Amino acid sequence: MQQSNTYIIVFSAVLTIVLGGLLSLANQGLKPMQQKSVELDTKKKILSAVTDLQEKKGDEIIDLYGQTIESVVVNIDGEILEKDKDGNPLIAENIDIAKNYKMAPEERLYPVFKYHQAGNKEAVEAYIFPIYGKGLWGPIWGFIALETDLNTVKGVSFDHKSETPGLGARITTAEVSNRYVGKKVYNDGKLASVVMLKGENNAASNLDEHHIDGLSGATLTAKGVNEMLENYFIYYKEYMNKAKTNATEKVALLN
Amino acid sequence: MVEKKPAEPVLSKRRKKFVSDPLNDDNPITVQVLGICSALAVTTQMKPTLTMAISVIMVVVFANLIISLIRSLIPSRVRIIVQLALVATLVTLVSEVLKAYQYDMYKELSVFVGLIITNCIVMGRLEAFAMANKPWDSILDGLGNGLGYSWIILAVAFFREVLGSGKVFGWPVFEAIGIQNFPTNGLMVTPVGAFFILGIIIWVQRTKTGYVEH
Amino acid sequence: MSHTLKLKKGFDINLSGKAEKKLAACDQPKTFALKPTDFVGIQRPKVMVAVGDTVKAGTPLLFCKMMEEVKYCAPVSGEIIEIKRGDKRKLLEIIILADKEIVSEPYKKFSAAEIQQAEKSELVNLMINSGVWPNIIQRPYGVVANPADTPKSIFVSTFDTSPLAADISFVLKGEEKFFQAGIDMLKKLTPGKVNIGVNADVSQDTFSRINNAEIHPVSGKHPAGNVGVQIHHIDPIAKGDLVWTVSAYGVAQIGKLFLEGKYDASKVIALAGSEVKNPQYYKTYTGACINKFVEQNVTGDEVRFVSGNVLTGEKIKSDGYLGFYHQQVTVIPEGTHSEFLGWILPTTKKLSFHRAFGLLSFMNGNKKEYVVDTNMMGEHRAFVQTGVFEKVTPMDILPTYLIKAILAEDFDEMESLGIYEMIEEDIALCEFVDVSKNNLQQLLREGLTLIKNS
Amino acid sequence: MKFIKDIFDKNKPAFEKGGKFEKLMPLFETFETLFFVPDHVTPAKGAQIRDAIDLKRMMMTVIIAMIPSLVFGIWNVGYQHALATGQAMDFGQQIWLGTLVVLPIVIVSYASGLTVEFIFGIRKGHALNEGFLVSGMLIPLVVPPTIPLWQVAIATVFAVLIGKEVFGGTGMNIFNVALTARAFLYFAYPSQISGNVWTYLGDKNPVDGYTGSTILAIANEASVTKSGSVVEVLANSNTIISADFFSFTNMFLGFIPGSIGETSTLMVLIGAVILIATGVGSWKIITGVFAGAYLTALMFNMIGANGFMLMPAHYHLVIGGLAFGAVFMATDPVTATQTERGKWIYGILIGILTIVIRVFNPAYPEGIMLAILLMNAFAPLIDFYIVKANKQRRIQRATV
């Protein structure tokens with residue numbers, strides 16, 4: 001049966017309206033849930049650099065985040081920024097690190113997440129810094145959490161786009177990230193960073209507080225991680241210095 | 001008085017075949033070799049694979065149902081575009097729902113859910129079956145093909161996750177039975193591994209059924 | 001005389017038991033046979049005689065229903081004593097008990113000058129009825145030529161490089177005049193040339209003085225003497241081309257028919273091979289029973305009698321009959337033995353074209369003569385390409401690919417890879433050197449049959 | 001020999017049709033033909049005599065050519081162990097240790113591969129094909145001595161199954177079986193085979209400052225981290241053992257860590273001489289690979305964008321598995337090009353690709369493996385054009 005053009009046009013129009021309506025309805029209806037999902041995802045990642053979240057459910061995480069995280073955005077000089085160039089308020093959680101990475105380091109925005117005791121903003125327990133860099137095949141990124149001395153590593157979490165499975169991709173495993181815990185960033189006030197060594201099963205004598213065991217066969221990914229960490233320690237240097245002074249001041253005040 | 005023909009049972013033998021045939025003899029992946037792209041891409045772990053499988057079942061069942069319902073209304077000249085529009089709408093819906101309730105899966109599957117649109121299984125069933133059959137039959141046909149697709153990708157995912165990550169649905173099986181440090185097979189994590197697993201499944205299946213390429 | 005064609009590829013199989021160049025005195029065999037199986041093209045033979053009939057040399061015995069005009073005639077006069085048939089009544093042999101004195105059918109005589117002047121149709125008519133026509137072979141396919149066709153050229157190879165081959169110059173000694181007449185006759189059959197391949201490695205070749213034909217000196221190892229190789233280099237066959245070939249003996253026989261007016265099937269054959277006590281030449285007739293020659297003249301119990309040479313010939317019994325086209329009988333040991341670790345032990349005694357570990361025959365130089373038996377020397381295996389076929393095929397043809405095309409029954413590939421240029425004898429050396437022990441000649445024939453019937 | 005023959009003859013009926021072990025006939029046949037060349041004779045029509053060559057002998061030739069590499073490899077495992085752990089070991093101890101490490105790998109490789117072959121042989125009812133005899137020896141030679149045995153087994157089974165049987169068995173496979181095994185290991189268990197710590201240490205600790213990395217791994221890293229010229233970095237590596245540990249001579253002779261059979265270019269060249277002299281390996285392919293690699297490396301020297309590019313061209317020929325691959329893998333008659341002219345193209349392209357992969361691909365230092373596998377895939381295409389040219393000549397000839 002060959003329908004007339006009018007029929008086809010009418011049919012198409014009706015179909016478009018029905019399907020389009022259906023889609024926008026779904027979009028509107030699901031929007032709040034979706035936003036919450038995105039938010040949860042970001043917050044989960046930040047928190048996982050300092051605590052174990054395995055047991056917690058979505059709402060609990062958001063609650064926990066609200067209670068324990070205070071976020072600020074700083075620039076390369078460690079100054080806290082409230083508004084962006086266009087005058088919109090800056091929210092640390094919404095900053096796209098990957099986009100910032102494309103700009104010159106001086107122009108980037110650097111979010112900082114302060115982890116404190118639930119409800120008590122003063123009792124800071126850790127600082128969480130997002131990091132970003134290049135692996136062997138593509139970008140790698142993650143968060144590093146430092147203790148209040150801004151020297152001892154409290155925890156790290158890494159992620160990557162396309163490192164070699166079984167080699168470089170191992171940076172996401174707990175086995176590797178645990179190696180960082182307790183290591184020191186500064187050596188006598190000088191930046192020493194935490195460096196992943198070449199090859200696995202290095203002699204214990206080589207693993208001092210600035211060095212961790214490497215990844216067999218993934219020397220180049222390890223090199224990317226090392227560079228990423230060192231870069232961001234430099235970028236956050238000013239902020240860290242200020243935070244340290246504040247902390248000592250506070251301690252002095254309390255005394 | 002005209003005697004009424006007794007209604008066909010809801011699950012008559014004929015209808016059961018709609019569901020059972022695509023599971024093995026006429027499997028969309030291993031026999032018709034459709035939907036290979038997603039079979040390779042999403043099957044590193046079982047969880048996203050299951051999500052993908054359910055998504056495809058939903059899309060193909062509902063698309064079959066709707067197309068079958070309005071089949072007499074669809075102008076034949078534009079039927080492909082109508083089918084495409086419907087499938088695209090359903091896929092977008094699935095994608096939106098995933099984004100809202102299963103964000104992890106949404107991120108992981110990302111583009112592959114969208115690619116259900118181009119999955120030949122869906123369009124193929126619409127054109128070959130739903131356009132010419134009643135709604136209930138079409139639902140069964142969609143279900144059969146969806147399941148046929150699902151069990152294959154789940155099987156592939158099972159082997160890839162067990163061998164590649166030592167886990168099933170994220171649960172470390174080897175540690176559970178006392179094998180620590182199971183040497184995971186990196187090949188299984190890459191799409192190449194999926195090729196091999198799929199190849200072996202097809203090989204075994206064809207040896208059993210005696211299927212010969214025409 | 002044109003430029004010498006030098007062929008680098010190939011391999012001479014140097015066997016012991018070469019025939020000494022002298023004619024042995026020996027009684028003629030009692031029986032002779034015409035074997036329709038010798039003629040590749042014959043599909044539906046029709047016998048024209050019955051058991052008990054008496055025939056003369058040149059009396060038609062049978063024809064093929066596909067090409068009725070060509071008659072296959074009795075080589076000797078005598079009485080038909082048996083018509084042997086095999087499975088499905090396939091005609092195998094027509095056996096004649098020979099007269100003491102051979103009587104020939106009288107045919108019209110021509111002088112050399114008359115041949116030049118006579119009508120072509122008259123000459124052809126005589127040839128197809130008298131029994132000499134089957135000497136003319138058509139390429140492609142290697143079947144008896146159809147008298148209705150006109151070939152673009154005609155080729156005659158006057159030397160044979162195959163193992164233990166009869167020396168054609170010796171065999172045709174004193175027949176030069178018939179050979180010349182035969183060439184003159186052939187010249188009338190084609191608008192093109194009659195090409196004669198002569199052995200450039202032998203000086204003073206009688207055949208290089210032949211007139212009315214193009215002489216092509218050819219030098220090289222086997223298969224340089226194969227007419228197919230010579231055609232390939234001189235005037236190759238493309239799709240749709242027809243070329244005729246005649247053996248040197250065949251040319252002389254044709255000449256004799258015209259000059260003497262009779263079908264003379266007498267020929268000199270070589271009896272050779274490592275198991276022959278006195279390898280030498282015998283004068284007899286086409287289709288002779290070989291028992292007279294081999295009786296008391298063979299050492300060893302387990303031997304194989306081959307009508308023809310060891311590369312392309314056919315196994316026959318000790319009282320079997322010489323093939324129509326064959327000019328030699330070869331006797332070699334049968335190889336029914338299993339050798340302990342024979343696949344790895346180093347040896348200089350086994351002949352090999354290869355030099356794989358332990359095959360040291362290449363160190364013997366090319367003068368050494370070998371005794372080779374009929375053992376396969378290994379098992380049949382999947383086709384493994386080693387590049388060795390190309391080394392023994394002095395043609396711009398890739399035998400490996402041709403064989404693969406035949407296995408795949410891919411007609412276009414067979415055609416474009418040059419199947420029209422080959423018959424069994426051209427691929428025989430490949431069959432000999434093949435590591436995987438495939439029967440390539442049979443395979444090639446299957447391919448040719450496929451194409452011919454398509 | 002008679003009594004062995006008798007044993008076979010006595011037991012044969014059990015394996016023949018209707019016998020108790022009818023299904024195991026291929027197995028029986030394999031062993032019988034290993035001892036005795038069968039008494040098959042040529043058919044009545046056609047070639048009445050055959051060349052003394054057969055596939056077994058051809059394959060054995062390849063294995064014999066590999067023996068120098070194998071023996072040297074066994075010794076080198078012990079030698080490297082002594083160097084790395086700082087022990088004093090005499091020649092005999094080194095050989096003994098090497099044998100203890102290498103022999104199990106060889107046995108596992110053969111046992112697992114032959115098992116698969118037999119299963120398929122029995123299913124299809126044909127005797128074992130000799131092809132695996134070579135592959136089974138190649139596999140141990142291309143893996144590091146530190147490889148776990150179970151990985152050898154899995155890789156071998158995978159290679160025979162996926163690399164060969166799915167294509168229809170020997171003669172039909174597209175990819176070199178041993179390289180398929182190596183590639184499988186490379187992608188499946190990369191940490192064991194990516195070029196770090198390739199010296200067998202056993203339960204001993206290496207001496208301080210020792211690196212068991214392969215030269216390729218070191219060179220590769222040196223070029224990426226831009227830490228000076230590769231030659232310098234090599235000269236400064238493992239100075240703890242000897243100042244010229246990674247000198248050209250040492251690398252050529254093979255006194256370096258690496259895959260069992262690959263380290264000594266000299267031994268490989270001895271194998272090459274055997275293969276070429278016997279005509280079993282194509283000299284065109286071997287020469288092509290070396291020439292292609294050398295010229296490409298020379299060209300890179302001129303460009304000289306990084307340390308690896310600047311490495312002297314002749315170094316490329318003696319490090320890694322290039323020589324071994326060129327001589328024993330690229331020449332595999334089944335997977336290489338089959339036309340004579342194609343062999344040149346095939347060999348040269350392998351050489352070029354090897355250097356390109358080595359220099360430009362930081363993750364896969366061993367270029368020859370991927371280069372050969374890639375060219376395996378393209379070999380039919382090269383042949384296609386050579387054959388096409390042959391056909392073209394035939395057609396043109398006709399019109400002239």
# chains A, B, ... in the order shown; residues from 1 in each chain; ligands from 1
$ select_by_dssp --residues "region 174-354 of chain C" --states "alpha helix (DSSP H)" --output "NGL selection string"
:C and (176-189 or 227-234 or 248-260 or 291-294)
$ residues_around --residues "Ile96 (chain C)" --least-positions-apart "4" --cutoff "8 Å" --atoms "only C-alpha atoms" --output "PyMOL selection string"
chain C and resi 31-33+76-82
$ interface_residues --of "chain A" --to "chain B" --cutoff "12 Å" --atoms "only C-alpha atoms" --output "PyMOL selection string"
chain A and resi 1-42+44-45+58+161-170+173+175
$ residues_around --residues "Asn100 (chain A)" --least-positions-apart "5" --cutoff "10 Å" --atoms "only C-alpha atoms" --output "list in words"
Ile95, Pro105, Glu107, Arg108, Leu109, Tyr110 and Tyr132 of chain A
$ atom_distance --atom1 "CA of Met363 (chain C)" --atom2 "CA of Gly342 (chain C)"
19.0 Å
$ residues_around --residues "Lys284 (chain D)" --least-positions-apart "5" --cutoff "9 Å" --atoms "only C-alpha atoms" --output "PyMOL selection string"
chain D and resi 289+340-341+343-344+347
$ atom_distance --atom1 "CA of Leu381 (chain D)" --atom2 "CA of Lys391 (chain C)"
22.4 Å
$ residues_around --residues "Gly142 (chain A)" --least-positions-apart "2" --cutoff "12 Å" --atoms "only C-alpha atoms" --output "PyMOL selection string"
chain A and resi 42+45-49+97-98+128-134+139-140+144-145+155-161+171-172+177+225+228-229+232
$ residues_around --residues "region 8-14 of chain B" --least-positions-apart "5" --cutoff "10 Å" --atoms "only C-alpha atoms" --output "JSON, numbers by chain"
{"B": [19, 136, 137, 140]}
$ select_by_dssp --residues "region 9-224 of chain A" --states "strand (DSSP E)" --output "PyMOL selection string"
chain A and resi 69-74+80-81+110-116+124-134+139-147+153-160+186-187+190-191+195-196+211-212
$ interface_residues --of "chain D" --to "chain C" --cutoff "8 Å" --atoms "only C-alpha atoms" --output "ChimeraX atom specification"
/D:1,34-42,44-58,60-61,129,170-171,277-280,333-334,338-340,387,390-391,394-395,397-398
$ residues_around --residues "region 60-68 of chain C" --least-positions-apart "4" --cutoff "9 Å" --atoms "only C-alpha atoms" --output "list in words"
Leu34, Pro36, Gly41, Ile42, Gln43, Arg44, Pro45, Lys46, Val47, Met48, Val49, Val55, Lys56, Tyr72, Cys73, Ala74, Ile94, Asn129, Ser130, Gly131 and Asn146 of chain C
$ closest_residue --among "C:Leu448, C:Leu97, C:Ile423, C:Val294" --to "Glu409 (chain C)" --atoms "only C-alpha atoms"
C:Leu448
$ atom_distance --atom1 "CA of Leu295 (chain D)" --atom2 "CA of Pro257 (chain D)"
26.2 Å
$ interface_residues --of "chain A" --to "chain D" --cutoff "10 Å" --atoms "only C-alpha atoms" --output "list in words"
Leu136, Trp137, Glu163, Thr164, Pro165, Gly166, Leu167, Gly168, Lys198, Gly199, Glu200, Ala203, Leu215, Ser216, Gly217, Ala218, Thr219, Leu220, Thr221 and Lys223 of chain A
$ interface_residues --of "chain D" --to "chain B" --cutoff "12 Å" --atoms "only C-alpha atoms" --output "list in words"
Pro148, Trp150, Gln151, Ile154, Ala155, Phe158, Ala159, Leu161, Ile162, Gly163, Glu165, Val166, Phe167, Ala183, Phe184, Leu185, Tyr186, Phe187, Ala188, Tyr189, Pro190, Ser191 and Gln192 of chain D
